[in-house]
file final20.txt (compact mmCIF, C-alpha atoms (C1' of nucleotides))
# COMPACT_ATOMS: atom_id res chain seq x y z
CA MET A 1 17.38 42.88 -47.21
CA GLU A 2 13.82 44.14 -47.71
CA ASN A 3 13.75 42.76 -51.21
CA TYR A 4 10.21 41.56 -50.76
CA ASN A 5 8.43 43.26 -53.59
CA PHE A 6 5.07 41.65 -54.21
CA THR A 7 4.44 43.80 -57.26
CA LEU A 8 7.60 42.68 -59.05
CA ASP A 9 7.12 39.07 -57.97
CA THR A 10 3.66 38.81 -59.44
CA ALA A 11 4.40 40.95 -62.50
CA PHE A 12 7.46 38.95 -63.56
CA HIS A 13 5.69 35.72 -62.79
CA ALA A 14 2.77 36.75 -64.98
CA LEU A 15 5.17 37.69 -67.77
CA ALA A 16 6.97 34.34 -67.65
CA ASP A 17 4.22 32.59 -69.60
CA PRO A 18 3.95 32.84 -73.40
CA THR A 19 0.14 32.77 -73.33
CA ARG A 20 0.04 35.66 -70.91
CA ARG A 21 2.63 37.67 -72.83
CA ALA A 22 0.58 37.12 -75.98
CA VAL A 23 -2.49 38.45 -74.19
CA ILE A 24 -0.57 41.56 -73.21
CA ASN A 25 0.71 41.92 -76.74
CA ARG A 26 -2.89 41.87 -77.91
CA LEU A 27 -4.12 44.29 -75.28
CA VAL A 28 -1.59 46.97 -76.24
CA GLU A 29 -3.80 47.45 -79.30
CA GLY A 30 -6.88 48.08 -77.20
CA ASP A 31 -9.40 46.56 -74.81
CA ALA A 32 -10.88 43.17 -75.63
CA PRO A 33 -13.45 40.73 -74.24
CA VAL A 34 -12.41 37.37 -72.79
CA LYS A 35 -13.85 35.36 -75.68
CA LYS A 36 -11.92 37.31 -78.27
CA LEU A 37 -8.70 37.12 -76.28
CA ALA A 38 -9.03 33.37 -75.81
CA GLU A 39 -9.67 32.59 -79.50
CA PRO A 40 -6.06 32.15 -80.69
CA PHE A 41 -5.20 29.68 -77.96
CA ASP A 42 -5.56 25.95 -78.00
CA MET A 43 -6.97 25.54 -74.49
CA GLY A 44 -10.28 25.51 -72.68
CA LEU A 45 -11.85 28.64 -71.28
CA PRO A 46 -11.23 27.59 -67.66
CA ALA A 47 -7.50 27.32 -68.28
CA PHE A 48 -7.50 30.63 -70.10
CA LEU A 49 -9.40 32.33 -67.30
CA LYS A 50 -6.72 31.24 -64.89
CA HIS A 51 -4.15 33.08 -67.01
CA LEU A 52 -6.33 36.17 -67.00
CA ARG A 53 -6.67 35.99 -63.25
CA VAL A 54 -2.88 35.79 -62.89
CA LEU A 55 -2.57 38.86 -65.07
CA GLU A 56 -5.24 40.68 -63.12
CA GLU A 57 -3.79 39.83 -59.71
CA SER A 58 -0.42 41.09 -60.88
CA GLY A 59 -2.06 44.38 -61.79
CA LEU A 60 -0.91 44.12 -65.40
CA ILE A 61 -4.51 44.17 -66.55
CA THR A 62 -7.86 45.19 -65.14
CA THR A 63 -11.24 43.77 -66.15
CA ARG A 64 -14.82 45.04 -66.05
CA LYS A 65 -17.97 43.08 -66.63
CA CYS A 66 -20.79 44.65 -68.63
CA GLY A 67 -23.81 42.42 -69.13
CA ARG A 68 -22.39 39.00 -69.86
CA VAL A 69 -19.12 40.15 -71.40
CA ARG A 70 -15.97 40.86 -69.41
CA THR A 71 -13.67 43.38 -71.01
CA CYS A 72 -9.93 43.38 -70.34
CA ARG A 73 -7.68 46.41 -70.34
CA LEU A 74 -3.92 46.72 -70.11
CA GLN A 75 -2.49 48.62 -67.17
CA PRO A 76 0.75 49.99 -68.62
CA LYS A 77 1.93 51.30 -65.25
CA ARG A 78 2.85 47.81 -64.17
CA LEU A 79 4.80 47.20 -67.34
CA SER A 80 6.76 50.35 -66.54
CA ASP A 81 7.41 49.19 -62.99
CA ALA A 82 9.03 45.99 -64.23
CA GLU A 83 10.87 47.89 -66.94
CA ALA A 84 12.15 50.37 -64.35
CA TRP A 85 13.63 47.63 -62.19
CA LEU A 86 15.42 46.12 -65.17
CA SER A 87 16.79 49.41 -66.42
CA GLU A 88 18.00 50.28 -62.92
CA GLN A 89 19.94 47.03 -62.71
CA ARG A 90 21.40 47.60 -66.14
CA GLU A 91 22.45 51.11 -65.18
CA LEU A 92 24.07 49.96 -61.94
CA TRP A 93 25.98 47.35 -63.89
CA GLN A 94 27.02 49.94 -66.47
CA ALA A 95 28.31 52.24 -63.73
CA GLY A 96 30.44 49.42 -62.34
CA ALA A 97 31.75 48.55 -65.79
CA ASP A 98 32.68 52.19 -66.39
CA ARG A 99 34.46 52.43 -63.03
CA LEU A 100 36.40 49.30 -63.84
CA ALA A 101 37.40 50.58 -67.27
CA ALA A 102 38.60 53.87 -65.78
CA TYR A 103 40.61 52.00 -63.16
CA VAL A 104 42.25 49.76 -65.70
CA GLU A 105 43.15 52.69 -67.90
CA ASN A 106 44.58 54.50 -64.89
CA GLN A 107 46.76 51.51 -64.02
CA MET A 108 48.08 51.32 -67.55
CA ARG A 109 49.02 54.99 -67.43
CA GLU A 110 50.92 54.43 -64.15
CA ASP A 111 52.76 51.53 -65.71
CA ASP A 112 53.80 53.78 -68.58
CA ASP A 113 55.15 56.37 -66.13
CA GLU A 114 57.51 53.92 -64.44
CA MET B 1 1.16 32.45 -83.10
CA GLU B 2 4.91 31.83 -82.79
CA ASN B 3 4.97 33.39 -79.37
CA TYR B 4 7.23 30.68 -78.06
CA ASN B 5 10.19 32.59 -76.79
CA PHE B 6 12.25 30.38 -74.50
CA THR B 7 14.59 33.23 -73.60
CA LEU B 8 11.83 35.48 -72.31
CA ASP B 9 10.06 32.58 -70.59
CA THR B 10 13.09 31.60 -68.55
CA ALA B 11 14.31 35.16 -67.96
CA PHE B 12 11.00 36.42 -66.59
CA HIS B 13 10.56 33.25 -64.60
CA ALA B 14 13.99 33.71 -63.05
CA LEU B 15 13.18 37.33 -62.22
CA ALA B 16 9.90 36.41 -60.51
CA ASP B 17 11.66 35.31 -57.32
CA PRO B 18 12.88 37.84 -54.73
CA THR B 19 15.94 35.75 -53.85
CA ARG B 20 17.01 35.63 -57.47
CA ARG B 21 16.38 39.33 -58.03
CA ALA B 22 18.48 40.06 -54.93
CA VAL B 23 21.30 37.95 -56.40
CA ILE B 24 21.15 39.97 -59.60
CA ASN B 25 21.08 43.17 -57.62
CA ARG B 26 24.26 42.02 -55.91
CA LEU B 27 25.97 40.91 -59.11
CA VAL B 28 25.52 44.30 -60.80
CA GLU B 29 28.30 45.41 -58.43
CA GLY B 30 30.64 42.74 -59.65
CA ASP B 31 31.37 39.01 -59.75
CA ALA B 32 30.98 36.99 -56.57
CA PRO B 33 31.47 33.41 -55.36
CA VAL B 34 28.51 31.22 -54.41
CA LYS B 35 29.30 31.30 -50.69
CA LYS B 36 29.34 35.09 -50.57
CA LEU B 37 26.15 35.35 -52.60
CA ALA B 38 24.34 32.88 -50.37
CA GLU B 39 25.29 34.60 -47.09
CA PRO B 40 22.38 37.06 -46.78
CA PHE B 41 19.74 34.38 -47.27
CA ASP B 42 18.09 32.25 -44.69
CA MET B 43 18.21 28.95 -46.57
CA GLY B 44 20.51 26.01 -47.09
CA LEU B 45 23.14 25.89 -49.81
CA PRO B 46 21.28 23.26 -51.84
CA ALA B 47 18.19 25.45 -52.06
CA PHE B 48 20.33 28.44 -52.96
CA LEU B 49 22.16 26.50 -55.64
CA LYS B 50 18.83 25.73 -57.25
CA HIS B 51 18.19 29.45 -57.57
CA LEU B 52 21.60 29.94 -59.13
CA ARG B 53 20.92 27.20 -61.59
CA VAL B 54 17.63 28.82 -62.59
CA LEU B 55 19.50 32.07 -63.14
CA GLU B 56 22.19 30.33 -65.13
CA GLU B 57 19.78 28.38 -67.32
CA SER B 58 17.96 31.60 -68.09
CA GLY B 59 21.26 33.10 -69.27
CA LEU B 60 20.99 35.97 -66.78
CA ILE B 61 24.23 34.85 -65.18
CA THR B 62 27.20 32.68 -66.09
CA THR B 63 29.42 30.81 -63.66
CA ARG B 64 33.00 29.52 -63.74
CA LYS B 65 34.68 27.20 -61.32
CA CYS B 66 38.27 27.87 -60.28
CA GLY B 67 39.67 25.46 -57.75
CA ARG B 68 36.89 24.87 -55.29
CA VAL B 69 35.16 28.21 -55.71
CA ARG B 70 32.52 28.93 -58.31
CA THR B 71 32.31 32.55 -59.36
CA CYS B 72 29.12 34.08 -60.70
CA ARG B 73 28.87 36.88 -63.21
CA LEU B 74 25.91 38.88 -64.46
CA GLN B 75 25.06 38.67 -68.15
CA PRO B 76 23.46 42.08 -68.76
CA LYS B 77 22.43 41.16 -72.30
CA ARG B 78 19.57 39.08 -70.97
CA LEU B 79 18.39 41.89 -68.76
CA SER B 80 18.27 44.07 -71.86
CA ASP B 81 16.31 41.44 -73.77
CA ALA B 82 13.59 41.43 -71.13
CA GLU B 83 13.69 45.20 -70.88
CA ALA B 84 13.38 45.48 -74.67
CA TRP B 85 10.22 43.37 -74.73
CA LEU B 86 8.65 45.49 -72.02
CA SER B 87 9.55 48.79 -73.62
CA GLU B 88 8.22 47.58 -76.96
CA GLN B 89 4.88 46.73 -75.42
CA ARG B 90 4.76 50.09 -73.69
CA GLU B 91 5.54 51.87 -76.94
CA LEU B 92 2.87 49.96 -78.85
CA TRP B 93 0.37 50.87 -76.17
CA GLN B 94 1.47 54.49 -76.29
CA ALA B 95 1.01 54.58 -80.06
CA GLY B 96 -2.54 53.26 -79.66
CA ALA B 97 -3.28 55.79 -76.93
CA ASP B 98 -1.99 58.61 -79.13
CA ARG B 99 -4.08 57.43 -82.10
CA LEU B 100 -7.14 57.34 -79.88
CA ALA B 101 -6.50 60.81 -78.52
CA ALA B 102 -6.10 62.19 -82.05
CA TYR B 103 -9.32 60.52 -83.15
CA VAL B 104 -11.27 61.88 -80.20
CA GLU B 105 -9.96 65.36 -80.78
CA ASN B 106 -10.87 65.10 -84.45
CA GLN B 107 -14.42 64.08 -83.57
CA MET B 108 -14.78 67.01 -81.24
CA ARG B 109 -13.66 69.37 -83.96
CA GLU B 110 -16.26 67.91 -86.35
CA ASP B 111 -18.93 68.37 -83.70
CA ASP B 112 -17.96 72.04 -83.39
CA ASP B 113 -18.30 72.53 -87.14
CA GLU B 114 -21.88 71.30 -87.23
C1' DG C 1 -40.35 31.27 -72.99
C1' DC C 2 -36.60 28.99 -75.43
C1' DT C 3 -32.07 28.85 -76.89
C1' DA C 4 -27.49 30.33 -77.77
C1' DT C 5 -23.67 32.82 -75.82
C1' DA C 6 -20.13 34.35 -72.41
C1' DG C 7 -18.35 33.39 -68.58
C1' DT C 8 -17.79 30.80 -64.10
C1' DT C 9 -17.13 27.12 -60.74
C1' DC C 10 -15.73 22.67 -59.38
C1' DA C 11 -13.26 18.40 -59.01
C1' DC C 12 -9.40 16.36 -60.71
C1' DC C 13 -4.58 15.34 -62.50
C1' DA C 14 0.47 15.57 -63.77
C1' DT C 15 4.32 18.13 -63.30
C1' DA C 16 7.19 22.00 -61.54
C1' DT C 17 8.91 24.65 -57.71
C1' DG C 18 11.13 25.91 -53.39
C1' DG C 19 12.59 24.17 -49.48
C1' DA C 20 14.99 20.67 -45.95
C1' DA C 21 18.47 17.15 -44.28
C1' DA C 22 22.14 14.05 -44.97
C1' DA C 23 25.91 12.22 -47.24
C1' DC C 24 29.51 13.07 -50.46
C1' DT C 25 33.66 15.28 -53.34
C1' DA C 26 37.30 18.04 -54.27
C1' DT C 27 40.55 21.54 -53.01
C1' DA C 28 43.02 24.63 -49.62
C1' DA C 29 45.47 25.23 -45.38
C1' DT C 30 48.29 23.60 -41.52
C1' DA D 1 48.22 13.40 -43.36
C1' DT D 2 44.41 15.95 -41.21
C1' DT D 3 41.15 19.08 -41.17
C1' DA D 4 38.37 22.90 -42.77
C1' DT D 5 36.10 24.93 -46.69
C1' DA D 6 33.20 25.32 -50.89
C1' DG D 7 30.33 23.20 -53.38
C1' DT D 8 27.51 19.08 -55.02
C1' DT D 9 24.27 15.20 -55.12
C1' DT D 10 20.47 12.72 -53.52
C1' DT D 11 16.13 11.89 -51.41
C1' DC D 12 12.16 13.70 -49.71
C1' DC D 13 8.12 16.87 -48.87
C1' DA D 14 4.39 20.44 -49.34
C1' DT D 15 2.51 23.54 -52.28
C1' DA D 16 1.83 25.95 -56.77
C1' DT D 17 0.96 25.72 -61.66
C1' DG D 18 -1.26 24.71 -66.00
C1' DG D 19 -4.19 21.97 -67.93
C1' DT D 20 -8.75 18.94 -68.40
C1' DG D 21 -14.00 17.93 -68.54
C1' DA D 22 -18.56 18.57 -66.66
C1' DA D 23 -21.95 21.18 -64.59
C1' DC D 24 -23.72 25.72 -63.68
C1' DT D 25 -25.25 30.97 -64.11
C1' DA D 26 -26.57 34.95 -66.16
C1' DT D 27 -27.64 37.67 -70.11
C1' DA D 28 -28.85 38.56 -75.19
C1' DG D 29 -31.60 37.39 -79.22
C1' DC D 30 -35.57 35.54 -81.39

call {"tool": "encode", "arguments": {"input": "final20.txt", "output": "structure tokens"}}
result
Amino acid sequence: MENYNFTLDTAFHALADPTRRAVINRLVEGDAPVKKLAEPFDMGLPAFLKHLRVLEESGLITTRKCGRVRTCRLQPKRLSDAEAWLSEQRELWQAGADRLAAYVENQMREDDDE
Amino acid sequence: MENYNFTLDTAFHALADPTRRAVINRLVEGDAPVKKLAEPFDMGLPAFLKHLRVLEESGLITTRKCGRVRTCRLQPKRLSDAEAWLSEQRELWQAGADRLAAYVENQMREDDDE
DNA sequence: GCTATAGTTCACCATATGGAAAACTATAAT
DNA sequence: ATTATAGTTTTCCATATGGTGAACTATAGC
């Protein structure tokens, strides 16, 4: 039961917010400073910074401050981690569905033989 | 700015909790009743039911009550939806990275020619 | 040096979340 | 008819979350 995966917890939590997903969707096109990232959103800088901090603590982005401007960069590895968990679950489910289908078909064949 | 995607909001939010991910990870192996699902967890039924409701409202699972037992089933479509968003972001990022690499290489070639 | 800019910190607020305990309902099982 | 089982509802609590406005800091531009 060691399902305590801090990385997935924080990554999925970060992705659960539309503002934060929009930030990611902007950062896939390249690095950007806080000011620029915040522009499209109807909220104060403090609120926006909180979102950035959530993203940073999840590892989905990293930031670097040069002079007075902080630049944000996407960390695609963490996207892949989340994606990997999802695809694994989907594959496990698929395997079960296939097994079930094979079993059902097998039963039908036996019924035919009787 | 129509980044208001209720499906992704609720799906990622549901996936952000280790208990709920463990439930999903159990349901990929097949349907199960509430009691059985709750067994491995150190919490009361009411708390566990809240998690199930979060999963159900997100569309990640569906439930059906027969007699006094409620059976839970995974809805893999929603897993795919979340996975699709992630893979799209990764692909967009990859495209940008490729463009950048091509540009850099091009610049280096120009430098050689001078 | 003055001022505008980019970000940061702080105090505050309403609501959401994850949990507990207790009381209740409906259906099997004997 | 009793009793055990499976789930449900309700009330309550502490903490987390997402936002605000105001005050502050550090750097860039003139």

call {"tool": "closest_residue", "arguments": {"input": "final20.txt", "among": "B:Leu74, B:Val69, B:Ala82, B:Ile24", "to": "chain C", "atoms": "all atoms listed in the file"}}
result
B:Val69

call {"tool": "interface_residues", "arguments": {"input": "final20.txt", "of": "chain D", "to": "chain B", "cutoff": "9 Å", "atoms": "all atoms listed in the file", "output": "MDAnalysis selection string"}}
result
chainID D and resid 5:8

call {"tool": "write_last_selection", "arguments": {"input": "final20.txt", "atoms": "C-alpha atoms (C1' of nucleotides)", "output": "PDB file, in the coordinates of the input"}}
result
ATOM      1  C1'  DT D   5      36.100  24.930 -46.690  1.00  0.00           C
ATOM      2  C1'  DA D   6      33.200  25.320 -50.890  1.00  0.00           C
ATOM      3  C1'  DG D   7      30.330  23.200 -53.380  1.00  0.00           C
ATOM      4  C1'  DT D   8      27.510  19.080 -55.020  1.00  0.00           C
TER       5       DT D   8
END

call {"tool": "closest_residue", "arguments": {"input": "final20.txt", "among": "A:Gly44, A:Pro18, A:Gly59, A:Gly30", "to": "Arg99 of chain B", "atoms": "all atoms listed in the file"}}
result
A:Gly30

call {"tool": "closest_residue", "arguments": {"input": "final20.txt", "among": "C:DG7, C:DC2, C:DG18, C:DA23", "to": "chain B", "atoms": "only C-alpha atoms (C1' of nucleotides)"}}
result
C:DG18

call {"tool": "closest_residue", "arguments": {"input": "final20.txt", "among": "B:Thr63, B:Gln89, B:Gln94, B:Thr19", "to": "chain C", "atoms": "all atoms listed in the file"}}
result
B:Thr19

call {"tool": "residues_around", "arguments": {"input": "final20.txt", "residues": "Arg53 of chain A", "least_positions_apart": "4", "cutoff": "12 Å", "atoms": "all atoms listed in the file", "output": "list in words"}}
result
Thr10, Ala14, Arg20, Val23, Val34, Pro46, Ala47, Phe48, Leu49, Glu57, Ser58, Gly59, Leu60, Ile61, Thr62, Thr63 and Cys72 of chain A

call {"tool": "atom_distance", "arguments": {"input": "final20.txt", "atom1": "atom CA of Leu86 of chain B", "atom2": "atom CA of Asp17 of chain B"}}
result
18.1 Å

call {"tool": "interface_residues", "arguments": {"input": "final20.txt", "of": "chain B", "to": "chain A", "cutoff": "7 Å", "atoms": "only C-alpha atoms", "output": "ChimeraX atom specification"}}
result
/B:3-4,8-10,12-13,15-18,22,25,28-29,76,79,83,86-87,89-90,92-93,96

call {"tool": "axis_aligned_box", "arguments": {"input": "final20.txt", "around": "segment 77-93 of chain B", "padding_each_side": "5 Å", "output": "AutoDock Vina command-line options"}}
result
--center_x 11.4 --center_y 45.5 --center_z -73.8 --size_x 32.1 --size_y 22.8 --size_z 20.1

call {"tool": "build_atoms", "arguments": {"input": "final20.txt", "residues": "segment 30-41 of chain A", "atoms": "all heavy atoms", "output": "compact mmCIF listing (two decimals), in the frame of the given file"}}
result
# COMPACT_ATOMS: atom_id res chain seq x y z
N GLY A 30 -5.58 47.62 -77.66
CA GLY A 30 -6.88 48.08 -77.20
C GLY A 30 -7.60 47.02 -76.38
O GLY A 30 -7.25 45.85 -76.42
N ASP A 31 -8.63 47.45 -75.66
CA ASP A 31 -9.40 46.56 -74.81
C ASP A 31 -10.01 45.42 -75.62
O ASP A 31 -10.25 45.56 -76.81
CB ASP A 31 -10.52 47.34 -74.13
CG ASP A 31 -9.97 48.50 -73.30
OD1 ASP A 31 -8.73 48.62 -73.24
OD2 ASP A 31 -10.77 49.25 -72.73
N ALA A 32 -10.27 44.31 -74.94
CA ALA A 32 -10.88 43.17 -75.63
C ALA A 32 -11.62 42.28 -74.63
O ALA A 32 -11.22 42.18 -73.47
CB ALA A 32 -9.81 42.37 -76.36
N PRO A 33 -12.70 41.64 -75.11
CA PRO A 33 -13.45 40.73 -74.24
C PRO A 33 -12.74 39.38 -74.13
O PRO A 33 -11.94 39.03 -75.01
CB PRO A 33 -14.78 40.56 -74.97
CG PRO A 33 -14.47 40.82 -76.41
CD PRO A 33 -13.34 41.78 -76.43
N VAL A 34 -13.03 38.66 -73.06
CA VAL A 34 -12.41 37.37 -72.79
C VAL A 34 -12.47 36.43 -73.99
O VAL A 34 -11.46 35.88 -74.40
CB VAL A 34 -13.08 36.70 -71.57
CG1 VAL A 34 -12.59 35.27 -71.41
CG2 VAL A 34 -12.80 37.50 -70.31
N LYS A 35 -13.65 36.28 -74.54
CA LYS A 35 -13.85 35.36 -75.68
C LYS A 35 -12.87 35.64 -76.80
O LYS A 35 -12.18 34.74 -77.28
CB LYS A 35 -15.28 35.51 -76.19
CG LYS A 35 -15.68 34.53 -77.29
CD LYS A 35 -16.01 33.18 -76.75
CE LYS A 35 -16.40 32.19 -77.85
NZ LYS A 35 -17.41 32.71 -78.78
N LYS A 36 -12.79 36.90 -77.18
CA LYS A 36 -11.92 37.31 -78.27
C LYS A 36 -10.46 37.03 -77.92
O LYS A 36 -9.69 36.52 -78.76
CB LYS A 36 -12.11 38.81 -78.51
CG LYS A 36 -11.68 39.26 -79.89
CD LYS A 36 -12.73 38.90 -80.94
CE LYS A 36 -12.28 39.28 -82.34
NZ LYS A 36 -13.23 40.15 -83.05
N LEU A 37 -10.09 37.33 -76.70
CA LEU A 37 -8.70 37.12 -76.28
C LEU A 37 -8.34 35.64 -76.31
O LEU A 37 -7.22 35.26 -76.65
CB LEU A 37 -8.49 37.64 -74.85
CG LEU A 37 -8.37 39.15 -74.68
CD1 LEU A 37 -8.27 39.50 -73.20
CD2 LEU A 37 -7.15 39.68 -75.43
N ALA A 38 -9.30 34.80 -75.95
CA ALA A 38 -9.03 33.37 -75.81
C ALA A 38 -8.92 32.67 -77.16
O ALA A 38 -8.23 31.66 -77.29
CB ALA A 38 -10.13 32.71 -74.98
N GLU A 39 -9.58 33.21 -78.18
CA GLU A 39 -9.67 32.59 -79.50
C GLU A 39 -8.38 31.95 -80.03
O GLU A 39 -8.39 30.79 -80.42
CB GLU A 39 -10.17 33.63 -80.53
CG GLU A 39 -11.56 33.32 -81.07
CD GLU A 39 -12.11 34.50 -81.86
OE1 GLU A 39 -11.30 35.25 -82.45
OE2 GLU A 39 -13.34 34.68 -81.89
N PRO A 40 -7.26 32.70 -80.04
CA PRO A 40 -6.06 32.15 -80.69
C PRO A 40 -5.46 30.96 -79.97
O PRO A 40 -4.58 30.29 -80.52
CB PRO A 40 -5.07 33.32 -80.66
CG PRO A 40 -5.86 34.54 -80.31
CD PRO A 40 -7.02 34.05 -79.52
N PHE A 41 -5.90 30.68 -78.76
CA PHE A 41 -5.20 29.68 -77.96
C PHE A 41 -5.91 28.34 -77.95
O PHE A 41 -7.13 28.27 -77.94
CB PHE A 41 -5.00 30.19 -76.54
CG PHE A 41 -4.25 31.49 -76.50
CD1 PHE A 41 -4.92 32.68 -76.32
CD2 PHE A 41 -2.89 31.50 -76.72
CE1 PHE A 41 -4.23 33.88 -76.32
CE2 PHE A 41 -2.19 32.69 -76.72
CZ PHE A 41 -2.86 33.89 -76.52
